[in-house]
Every structure is written in structure tokens, then in C-alpha cells.
Amino acid sequence: MIDKRVAGPAEAVAGVKDGATVLVAGFGTVGIADDLLEALHEQGATNLTIVHNNAGNGDVGLARLINSGRVAKVICSYPRSGDYSAFLNAYRNKTLELELVPQGIISERMHAHAAGLGGFFSPVTAHTKLAEGKETREIDGVLHVFEKPLKGDVALLRAMKADRWGNLIYNQSARNFNPIMAMAADLSIVQVDEMVELGSMDPEAVVTPSIFIDRILVVGATS
Amino acid sequence: MIDKRVAGPAEAVAGVKDGATVLVAGFGTVGIADDLLEALHEQGATNLTIVHNNAGNGDVGLARLINSGRVAKVICSYPRSGDYSAFLNAYRNKTLELELVPQGIISERMHAHAAGLGGFFSPVTAHTKLAEGKETREIDGVLHVFEKPLKGDVALLRAMKADRWGNLIYNQSARNFNPIMAMAADLSIVQVDEMVELGSMDPEAVVTPSIFIDRILVVGATS
Amino acid sequence: MTTTYKPLNRDQMAWRAAQDLQEGAYVNLGIGMPTRAASYVPDGREVIFHSENGILGLGPKPEPGTEDENLIDAGKNYTTLIKGGVFMHHADAFLMIRGKHLDVSLLGAFEVSEAGDLANWTTEDPSFPPGVGGAMDLAVGAKEIRVIMDHTDKNGKPRILNKCRLPLTAPGCVKRIYTNLAVIDVTAQGLFVREMVEGMTLEKLQELTEPKLQLANDWRALTPPAMAA
Amino acid sequence: MTTTYKPLNRDQMAWRAAQDLQEGAYVNLGIGMPTRAASYVPDGREVIFHSENGILGLGPKPEPGTEDENLIDAGKNYTTLIKGGVFMHHADAFLMIRGKHLDVSLLGAFEVSEAGDLANWTTEDPSFPPGVGGAMDLAVGAKEIRVIMDHTDKNGKPRILNKCRLPLTAPGCVKRIYTNLAVIDVTAQGLFVREMVEGMTLEKLQELTEPKLQLANDWRALTPPAMAA
């Protein structure tokens, strides 16, 4: 019987390697897998590349990983959000590299990897500093920039409900990057508040089909 | 008050121009907007390019448009499905052009247009006859083929339920191409079985958000 | 002769921008002043607001005590969903933006050029990391890009320029500019003043604007209701 | 010496392919014989079947009288959904295929080459229009491509060839071939026979196969249960 639940946080993040690219879902403080980020801190992997919309908040989760010197690079659209002192210190000390990518291009680059594509042309960033060094092409009279797929070795996700196969539904705007990151990583790990019986979710309303999910950590509604 | 309902079939397809590219959703006989196709036949637009997975069945809908000489080109993955005699006759008489595109590439090319992209590289068709004449590029050691976005002037859609804004949900495998075609046309017209009150659909479960829909033809559960 | 005029306050600017949002329009409001426009849509008009983080159908701020921690807008403030509103994931939210599905994107700006070039993502302060968020996606995406900003910077220098000095967000995208002094359209024939606050003259407005301004034949006074600043 | 052997019938071939589908695997079954494999997954194993037209979690054929006109599979036959199954649109269904999310794609074929090249989309009959469907997407997409086909054509000529004669669906994609005579793996070191029907010899099988076959050290007899043809 398929059951993707793991026994605890350590098992959830077991095997994440040094140098891994980790997709961290969430927007602001909403839809972030806090427990999985803490578990990754315990687990010890280092030299990580983090893909996230922002760059950590306070001294928990991603910020704690940064403060512990475990993050080599952040791919994000907007580091300056909330208390981003962890990122700012590392950035100023040049111990961390920043790749700034527009929010919609981060998403679409992950979609491209998820969909098995080799890259795409987009008009976003054309004629701007963020296109410097990138291949461009005029298509139908509009300058486009070539964007490469973005792949995670691991995705750390947060959902509201899962079944034992890993079908997921989310809570309102906590959906954000979760479904697209779930599709774009080799190993997709989700922290969920609640497990439900297989077959109890509406098959028309499942947002992330189980095929994209590898491990489920049940944290409970208190998280 | 926003209300995208139209009075009848004629109003639903009013303004479709000669030479238009029409995205026709459906797979086999499931999820096809039969009433809109009949209305388009009545409306009279000709020299149409049709994008559809198949190429019509019997002498209704798309097949009837073909038999009436109104279709100049079909972009599809598999014309030989069901009773495709209408297509076959036109194909043999060379009155109709066929562009054969793999099923997943039709979908992804529409996604590319929907997402405002200028095209993408895909490994599908590389090293095959269907890549002849197309730009190729080796990416990470794998040959890829450049695919252009596919845009509809009009999309003819079929859904189970709509609200007055045009939020849509579908019936099981009748979903098929409908959501992706809804996103890829300038004018998206949907035939629905049932209207529901605004706010009565689960906001987590709407499949096609209203922004993609322009006109709604209510046909009733008898269709 | 001294020119006497009173600039609009921020709520009046938001009010003015809101008057142009039509029934049935799908609109993204940038963080900050643009977001205020949602409060000033005329009664009875249905306008559907989009948020980059996956919401179509944003409602007003929640009443105190009713905030839902899983329902925030792109500015990371608590928000609500109106009837008919739906959720989607980030890639679909940006598909809506980039694919020209939104009717209007109303953005803040540092600078706008005569050609409609937009600079609103970085002031190039070297002591802080840059951040772009969804600014570039929004600037190329919507069917129409409108900007809302103060007419001049805090030193009284023009922000409507012959060419932007700050790095571009996107070239040639802005169609209309709402400032605290005027409403200006960017056209292939140059900048046209559609409205000016009472007491303003074209000459005075030109002093505060780098590129040449033309007064539209049917220009009128910009007279929002009184609002607390 | 005459070789005496009995080829598998189509259900036995489907049975054999089904034995290799592991618990928890996500699998797309091509139209025709591959689809039969779903019926022969060993009891108690959960295997999740995918259909190009937007279904993950295909169930068995519906009982007569319970067919739902809105629930068909990629072969356009009525089907069912099992508990845990979900629906998605075509672009997402093919994202699953092309993005290497499926563990196995089990396909029919006209020809397979020594290098694993696959030809299964056209016989180039000039009197009919070509059709490709999802064949090329499936051939490049799944983590592992397996083929199920008769070992020879109706004239007894090999279908496992040095090079495909028919137009390719995709090069170098096939990893395992189930025929009515054998199970053969395509490797960088050539074709290895893993199983042969009882009474078959490598020599006889080689006569029916164009490229050189090697017998795996641990090869065994291919002995499915008896099944009505």
C-alpha cells in the first residue's frame, strides 16, 4: 500500500546533499514549510542554493540556514522583505551570492523544467540590466530574453491536506509557489496540517496530483 | 453588474472573422462545444484554421464545417479518429491543409501564448520527420526543437458550470483541452450546462478563472 | 504672477486613478499607493483585482480581529476574497500578468520617460541588495500600464524625464500617468496633459516636467473630492 | 532438429509486462495491447495509471450500464476513476509525460532498433493522413520506455532491427521489449535476452531478430499462466 508519510522531520529531509538546490515555497510568511526548514538545519547539508521568492525572515527557517553559513546562493525576486538581516549580513560579507530573477520568471523557469522543456523566450527583462549577458532574440518585433529551466534537487512544501498518495490541497494564498515547486524538484517533500482518507478529496479539486510528491510530514493543525 | 451570458448561439459567435484561428476544445466526442460549432456554421465565417486534437467526426460540428468548405487548415495531433470522412475527403482533395503536431506540443504551444512567451525548446520530435525545417538546438546534450506559441482568435469551449463572471468547472475528462484553450484565445466563448450563483463555487476548486472567459452560452443540462 | 494651486494628497491621487477602472476590468494594483485605488472604485462598478501571489478577486482589508493568516496580498498585508474570487498558483498568477490577460496594471514609479519608459525597481543604492519582485513582469504584461506617482521628487526635481536616469523596468510601456498635479497621457505624438489641478497652468507644469508637454484640446480641471491627507 | 515453442497470446504478453510494474509506480499505457496490462497487475499492488486526456488514477472498464459519457481514456473508451484519482487539463497531463514524472510508459510499436530507437507512429501509407497523437511526447517523456509488440510482422519478418525502416518516433528511448517470444533489454552493450518462451532457443530467436542477441547469464523461461487467446 502506497503511503508516503515519513516518521518524523529527520526522515523527511534525509539524504539532502551538500550543494543541493532547494526550492523553498512560500510568500512572505505564508505557505512556508517551517518544520522542514528546521529539519534541514538539523540535517546539516551545506553549500545550498536556495530558490525562494524572498530571502528569509528573522532567525528561523531560511534565515537560520543563512545565519549558520549553509547557503551559498539565493535565487529570488525580492530579498528585502520583512526582517532580512540574515541575508543582508551575508550579502554584505560576500559569503552568499544573489541571483535576482523576476517573480514570474522564477515561476515560469520552474514550470519549464517541470514540463520537460529546454528553455523559453520571454519579453520580461528585455532592454534592462537583468538581461545583461543573456541571449536575446526579436520575435514578432519584440525583444525577448532566453530563460533556462530551473530545477530543484529538493522542494520543501507546505499544504493544508494530503492523502497517503500525496494528493494535496492548499489554504487560500498559502498555495503560492507550492504547486509549481512540487512539480520542479527531483524530491518533493511536503509538510501538511492534516491527513485525509484516500478518495475523500474531490478529484476535480486536487491542486497537486500525487505524482509530484515523494514524502509527507504530518505536523498537525497546531503548526 | 458583470454578466457574460449571451442571449443565444448567434450572439455567442458573433464577430468571428474569415481567416480566424479557432481553438476547438474536446477529445474524442467529450468536452466539445457542439452548439457553438453549429452556431459558427450558421454564422458563416470561412477560411478558418482549426486547432483541435482530432479532425471532426461524422457530419456535425467540426466535420460539418469541413464539409461546408469553411476550413482551410487543421492543426491537430491525430486526424484519424472516429468517422473522420469529412476530413479525409478534404485532405484527399487537397482543399484543406494539415499541420500535424504532437498532442503535448499543441497544448504547450498554447500554454506559451497564454503565458506571454515567445516560444520554447522541447525534445519532442527531435531526430524525427516532424522536426524537419524547424530550428534545433542541443541543450545539456539533448537535441531540442524550437516551438512557437499557438494563439487562437477564438476558442470554443465546453464546461459543466459557470457563474456570471465566467469562472468555470468541468466534468471529469471533459476538462481536457478546455482550460488551456480558454487561456490562449483573444475571444473565449464557453457553452455551459448550468449557471450557478457567483460565490457558490469553491474558490480553491475553480479550474478556469473568469479572466479567461468572454462570453457564456447556457445550453442547459439536456445538451 | 504667482501660480496658486494645491497638489492632491495620496488618497486623492488614488481616487483619480480609480475613476478610470471600468466595469468588468481585471486590474493589478502595485504595492503602496496603487493599492489604495481599490477603495475608490465608484459604487456599483464591479472591478476584479488580481494579486501576484495567486488571488483573483481581492476584497477590502479585513475587519480587525477577522484576519486570516493564510490570506495575504502581494504587499504581504492581510486581505479578503470577494464572491467570485479564486486562488491559483504563482505560475498561473504570472501567466495572467505576462500573457496580457489583465486589462490594467496600475504601478508606482520613480521615473517615467517621454517614450513611456518605466523605472520603478531600483534606486541603485549600493548598500542594499537589489529587489525586483514582480515589477518587470507587470510592466510588460498588462494590456495597459498606468503609473501613479508624485510629479516631482522630494527636492522638487521632475520625475517625468526625457530619458530615465535610473535602470529601466521596461521600455515604452506606460500609457497614462497620474500625479499629484495632473493626468498625462503618453502617446506617439508626445505627452498630453488631460487634467491639471485647479490653479495649475501648462507653463508651471512644464517647469516641473522635463519633456515637452502639450495640453489636450479637451483638457479639464482635476478636482477630486476633499479627503483627509 | 525442429524447434517447438508456443508464442504468447496478447493477454499473456500484457500479463508479462504488468508483472514489472512496481508498487507505487505511475504508468502510462499506450492504446491497444499496452492498455490490457492494467488488468494483470498482481493483486495488492497499487499502480497508478495515467491517461493523456487528463486523468491520473484510471480504473477498470465500467460495468455495462454504468458508463459515464464524460469519463473516457486516451483510447476514447469508457473508463473509471479509482480512489485517489484526479483530473487535470491537457497541458498538465503532458507536463507529467514530458517532464519525466511518469515512471514507466508502456507503448506499442512497429519497430525497435538495436539502439532503442522507436518507430510507432506511422506506416507511411500515402492514402491516409498521418497521425501522431501523443506518441512522440510519450517516447521522450517517461523515466523508462518499454515496448510491447509481436516479435515479427505478419510476414514473419523481424521487427527488432539494426535500424528502423519506418520514420522514428524518438531515438534511443526503449529500455525493454516484451514480445510474444521473449523479454529483451536494450543496453549500451547490445540486446540481452532476459526471458524466452519454453522451447525457444537463442539461435531460433536470433533468426527472427535482425541485430545480434546475447543471452543474459540469469535468463529464464517466459511462462505466463494459460489465458484464453
# chains A, B, ... in the order shown; residues from 1 in each chain; ligands from 1
>>> select_by_dssp(residues="chain B", states="helix (DSSP H, G or I)", output="number ranges by chain")
B: 9-12, 34-43, 61-67, 85-92, 103-114, 129-131, 172-174, 178-183, 210-212
>>> residues_around(residues="Gly190 in chain D", least_positions_apart="5", cutoff="9 Å", atoms="only C-alpha atoms", output="PyMOL selection string")
chain D and resi 114-115+185+211-214
>>> select_by_dssp(residues="range 39-216 of chain D", states="strand (DSSP E)", output="short mmCIF file (atom, residue, chain, number, x, y, z; two decimals) with N, CA, C and O atoms, in the first residue's frame")
data_model
loop_
_atom_site.label_atom_id
_atom_site.label_comp_id
_atom_site.auth_asym_id
_atom_site.auth_seq_id
_atom_site.Cartn_x
_atom_site.Cartn_y
_atom_site.Cartn_z
N ILE D 48 -0.50 3.32 -10.37
CA ILE D 48 -1.37 4.44 -10.71
C ILE D 48 -1.23 4.73 -12.20
O ILE D 48 -0.15 5.07 -12.68
N PHE D 49 -2.34 4.59 -12.91
CA PHE D 49 -2.32 4.74 -14.37
C PHE D 49 -2.73 6.15 -14.80
O PHE D 49 -3.68 6.72 -14.26
N HIS D 50 -2.01 6.64 -15.77
CA HIS D 50 -2.17 8.00 -16.28
C HIS D 50 -2.75 7.94 -17.69
O HIS D 50 -2.42 7.05 -18.47
N SER D 51 -3.59 8.89 -18.00
CA SER D 51 -4.14 8.98 -19.35
C SER D 51 -3.90 10.38 -19.90
O SER D 51 -4.10 11.38 -19.20
N ILE D 55 -6.23 12.33 -16.89
CA ILE D 55 -6.64 11.50 -15.75
C ILE D 55 -5.40 10.87 -15.13
O ILE D 55 -4.54 10.33 -15.83
N LEU D 56 -5.30 10.94 -13.82
CA LEU D 56 -4.28 10.19 -13.09
C LEU D 56 -5.03 9.34 -12.08
O LEU D 56 -5.67 9.87 -11.17
N GLY D 57 -4.98 8.02 -12.28
CA GLY D 57 -5.74 7.12 -11.42
C GLY D 57 -6.88 6.44 -12.18
O GLY D 57 -7.98 6.31 -11.67
N LEU D 58 -6.57 6.02 -13.41
CA LEU D 58 -7.55 5.29 -14.22
C LEU D 58 -7.91 3.98 -13.55
O LEU D 58 -7.02 3.25 -13.08
N LEU D 81 -12.56 6.01 -12.54
CA LEU D 81 -11.52 6.64 -11.73
C LEU D 81 -11.46 5.89 -10.41
O LEU D 81 -12.49 5.60 -9.80
N ILE D 82 -10.24 5.57 -9.96
CA ILE D 82 -10.14 4.91 -8.66
C ILE D 82 -10.00 5.95 -7.55
O ILE D 82 -9.75 7.13 -7.82
N LYS D 83 -10.17 5.51 -6.32
CA LYS D 83 -9.98 6.42 -5.18
C LYS D 83 -8.58 7.00 -5.21
O LYS D 83 -7.60 6.25 -5.36
N GLY D 84 -8.46 8.28 -5.06
CA GLY D 84 -7.16 8.94 -5.14
C GLY D 84 -6.88 9.50 -6.53
O GLY D 84 -5.94 10.25 -6.72
N GLY D 85 -7.70 9.08 -7.49
CA GLY D 85 -7.52 9.59 -8.85
C GLY D 85 -7.94 11.05 -8.95
O GLY D 85 -8.78 11.51 -8.16
N VAL D 86 -7.37 11.76 -9.91
CA VAL D 86 -7.66 13.18 -10.09
C VAL D 86 -7.72 13.51 -11.58
O VAL D 86 -7.23 12.75 -12.42
N PHE D 87 -8.31 14.65 -11.87
CA PHE D 87 -8.38 15.16 -13.24
C PHE D 87 -7.47 16.37 -13.41
O PHE D 87 -7.28 17.15 -12.48
N VAL D 104 7.00 4.83 -15.85
CA VAL D 104 7.03 3.92 -16.99
C VAL D 104 6.01 4.35 -18.03
O VAL D 104 4.89 4.73 -17.69
N SER D 105 6.42 4.29 -19.28
CA SER D 105 5.48 4.37 -20.37
C SER D 105 5.59 3.07 -21.15
O SER D 105 6.67 2.70 -21.59
N LEU D 106 4.49 2.37 -21.24
CA LEU D 106 4.45 1.08 -21.93
C LEU D 106 3.73 1.29 -23.26
O LEU D 106 2.54 1.62 -23.28
N LEU D 107 4.47 1.13 -24.35
CA LEU D 107 3.96 1.53 -25.66
C LEU D 107 3.90 0.36 -26.64
O LEU D 107 4.70 -0.57 -26.55
N GLU D 111 8.39 -1.03 -34.90
CA GLU D 111 9.80 -1.43 -34.97
C GLU D 111 10.57 -0.83 -33.80
O GLU D 111 10.28 0.27 -33.35
N VAL D 112 11.59 -1.60 -33.36
CA VAL D 112 12.54 -1.08 -32.38
C VAL D 112 13.93 -1.43 -32.90
O VAL D 112 14.14 -2.53 -33.42
N SER D 113 14.88 -0.50 -32.77
CA SER D 113 16.23 -0.79 -33.26
C SER D 113 17.13 -1.23 -32.11
O SER D 113 16.78 -1.10 -30.93
N LEU D 118 12.72 4.00 -31.58
CA LEU D 118 11.33 3.55 -31.62
C LEU D 118 10.62 4.10 -32.86
O LEU D 118 10.72 5.30 -33.16
N ALA D 119 9.91 3.21 -33.56
CA ALA D 119 9.05 3.64 -34.67
C ALA D 119 7.65 3.10 -34.37
O ALA D 119 7.43 1.89 -34.44
N GLU D 144 11.16 5.64 -17.92
CA GLU D 144 11.54 4.43 -18.64
C GLU D 144 10.49 4.08 -19.69
O GLU D 144 9.30 4.03 -19.39
N ILE D 145 10.97 3.82 -20.90
CA ILE D 145 10.08 3.45 -22.00
C ILE D 145 10.22 1.96 -22.25
O ILE D 145 11.32 1.44 -22.46
N ARG D 146 9.09 1.26 -22.21
CA ARG D 146 9.07 -0.16 -22.53
C ARG D 146 8.10 -0.37 -23.69
O ARG D 146 7.11 0.35 -23.80
N VAL D 147 8.41 -1.36 -24.48
CA VAL D 147 7.59 -1.62 -25.66
C VAL D 147 7.00 -3.01 -25.58
O VAL D 147 7.64 -3.94 -25.08
N ILE D 148 5.79 -3.14 -26.06
CA ILE D 148 5.14 -4.44 -26.13
C ILE D 148 4.67 -4.62 -27.57
O ILE D 148 3.96 -3.76 -28.10
N ILE D 160 12.46 -6.22 -34.66
CA ILE D 160 13.62 -5.69 -33.94
C ILE D 160 14.75 -5.65 -34.96
O ILE D 160 15.17 -6.69 -35.47
N LEU D 161 15.19 -4.45 -35.27
CA LEU D 161 16.03 -4.21 -36.45
C LEU D 161 17.35 -3.54 -36.09
O LEU D 161 17.48 -2.94 -35.03
N VAL D 174 13.97 3.24 -26.00
CA VAL D 174 13.39 1.99 -25.48
C VAL D 174 14.39 1.26 -24.60
O VAL D 174 15.55 1.09 -24.97
N LYS D 175 13.93 0.82 -23.42
CA LYS D 175 14.82 0.11 -22.50
C LYS D 175 14.49 -1.38 -22.42
O LYS D 175 15.35 -2.19 -22.12
N ARG D 176 13.24 -1.74 -22.64
CA ARG D 176 12.84 -3.15 -22.53
C ARG D 176 11.77 -3.45 -23.58
O ARG D 176 10.89 -2.60 -23.81
N ILE D 177 11.86 -4.64 -24.18
CA ILE D 177 10.89 -5.05 -25.19
C ILE D 177 10.24 -6.35 -24.75
O ILE D 177 10.93 -7.34 -24.47
N TYR D 178 8.91 -6.32 -24.66
CA TYR D 178 8.14 -7.53 -24.41
C TYR D 178 7.56 -7.99 -25.74
O TYR D 178 6.80 -7.26 -26.37
N ALA D 182 9.72 -13.32 -26.23
CA ALA D 182 10.85 -13.05 -25.34
C ALA D 182 10.69 -11.72 -24.62
O ALA D 182 9.84 -10.90 -24.98
N VAL D 183 11.54 -11.56 -23.61
CA VAL D 183 11.73 -10.25 -22.97
C VAL D 183 13.18 -9.86 -23.21
O VAL D 183 14.10 -10.63 -22.88
N ILE D 184 13.38 -8.71 -23.82
CA ILE D 184 14.71 -8.30 -24.27
C ILE D 184 15.02 -6.91 -23.73
O ILE D 184 14.20 -6.00 -23.84
N ASP D 185 16.21 -6.78 -23.14
CA ASP D 185 16.63 -5.46 -22.66
C ASP D 185 17.57 -4.80 -23.66
O ASP D 185 18.46 -5.45 -24.21
N VAL D 186 17.36 -3.50 -23.85
CA VAL D 186 18.23 -2.70 -24.71
C VAL D 186 19.27 -2.05 -23.81
O VAL D 186 18.91 -1.30 -22.90
N THR D 187 20.54 -2.39 -24.05
CA THR D 187 21.59 -1.81 -23.20
C THR D 187 22.68 -1.22 -24.08
O THR D 187 22.71 -1.46 -25.30
N GLY D 190 24.38 -3.77 -26.05
CA GLY D 190 23.60 -4.52 -27.02
C GLY D 190 22.33 -5.09 -26.41
O GLY D 190 21.95 -4.74 -25.28
N LEU D 191 21.67 -5.96 -27.18
CA LEU D 191 20.38 -6.53 -26.77
C LEU D 191 20.60 -7.80 -25.94
O LEU D 191 21.27 -8.73 -26.39
N PHE D 192 20.01 -7.83 -24.76
CA PHE D 192 20.13 -9.00 -23.89
C PHE D 192 18.78 -9.68 -23.73
O PHE D 192 17.80 -9.03 -23.37
N VAL D 193 18.77 -10.99 -24.00
CA VAL D 193 17.54 -11.76 -23.83
C VAL D 193 17.43 -12.15 -22.37
O VAL D 193 18.29 -12.86 -21.84
N ARG D 194 16.38 -11.67 -21.71
CA ARG D 194 16.16 -11.97 -20.29
C ARG D 194 15.28 -13.20 -20.11
O ARG D 194 15.42 -13.93 -19.15
N GLU D 195 14.33 -13.34 -21.04
CA GLU D 195 13.39 -14.46 -20.94
C GLU D 195 13.03 -14.89 -22.35
O GLU D 195 12.97 -14.07 -23.26
N MET D 196 12.78 -16.22 -22.49
CA MET D 196 12.26 -16.74 -23.76
C MET D 196 11.15 -17.73 -23.43
O MET D 196 11.18 -18.38 -22.38
N VAL D 197 10.21 -17.85 -24.36
CA VAL D 197 9.15 -18.84 -24.14
C VAL D 197 9.75 -20.24 -24.15
O VAL D 197 10.82 -20.47 -24.73
N LEU D 213 21.69 -10.81 -30.74
CA LEU D 213 21.14 -11.01 -29.41
C LEU D 213 22.19 -11.67 -28.52
O LEU D 213 22.95 -12.53 -28.98
N GLN D 214 22.19 -11.32 -27.26
CA GLN D 214 23.03 -12.01 -26.28
C GLN D 214 22.10 -12.57 -25.21
O GLN D 214 21.11 -11.94 -24.84
N LEU D 215 22.44 -13.74 -24.72
CA LEU D 215 21.60 -14.34 -23.69
C LEU D 215 22.13 -13.90 -22.32
O LEU D 215 23.31 -14.06 -22.02
N ALA D 216 21.25 -13.33 -21.52
CA ALA D 216 21.67 -12.91 -20.18
C ALA D 216 22.06 -14.12 -19.36
O ALA D 216 21.46 -15.20 -19.51
#
>>> residues_around(residues="Thr21 in chain A", least_positions_apart="3", cutoff="10 Å", atoms="only C-alpha atoms", output="ChimeraX atom specification")
/A:16-18,24,47-51,71,73-75,150-155,185
>>> closest_residue(among="B:Leu88, B:Leu217, B:Ala114, B:Leu96", to="chain C", atoms="only C-alpha atoms")
B:Ala114
>>> interface_residues(of="chain A", to="chain B", cutoff="10 Å", atoms="only C-alpha atoms", output="number ranges by chain")
A: 104, 108, 112, 115-124, 137-140, 142-148, 169-173, 175, 202-207
>>> interface_residues(of="chain A", to="chain D", cutoff="12 Å", atoms="only C-alpha atoms", output="PyMOL selection string")
chain A and resi 1-4+110-118+149+151+162-169+179-180+182-188+196-214
>>> atom_distance(atom1="CA of Gln12 in chain C", atom2="CA of Ala38 in chain C")
12.4 Å
>>> residues_around(residues="Ser68 in chain A", least_positions_apart="5", cutoff="10 Å", atoms="only C-alpha atoms", output="list in words")
His41, Gly44, Thr46, Asp59, Leu62, Ala63 and Ala86 of chain A
>>> atom_distance(atom1="CA of Thr80 in chain C", atom2="CA of Met195 in chain B")
24.6 Å
>>> residues_around(residues="Thr79 in chain C", least_positions_apart="5", cutoff="6 Å", atoms="only C-alpha atoms", output="list in words")
Lys61, Pro62, Leu71, Ile72 and Asp73 of chain C
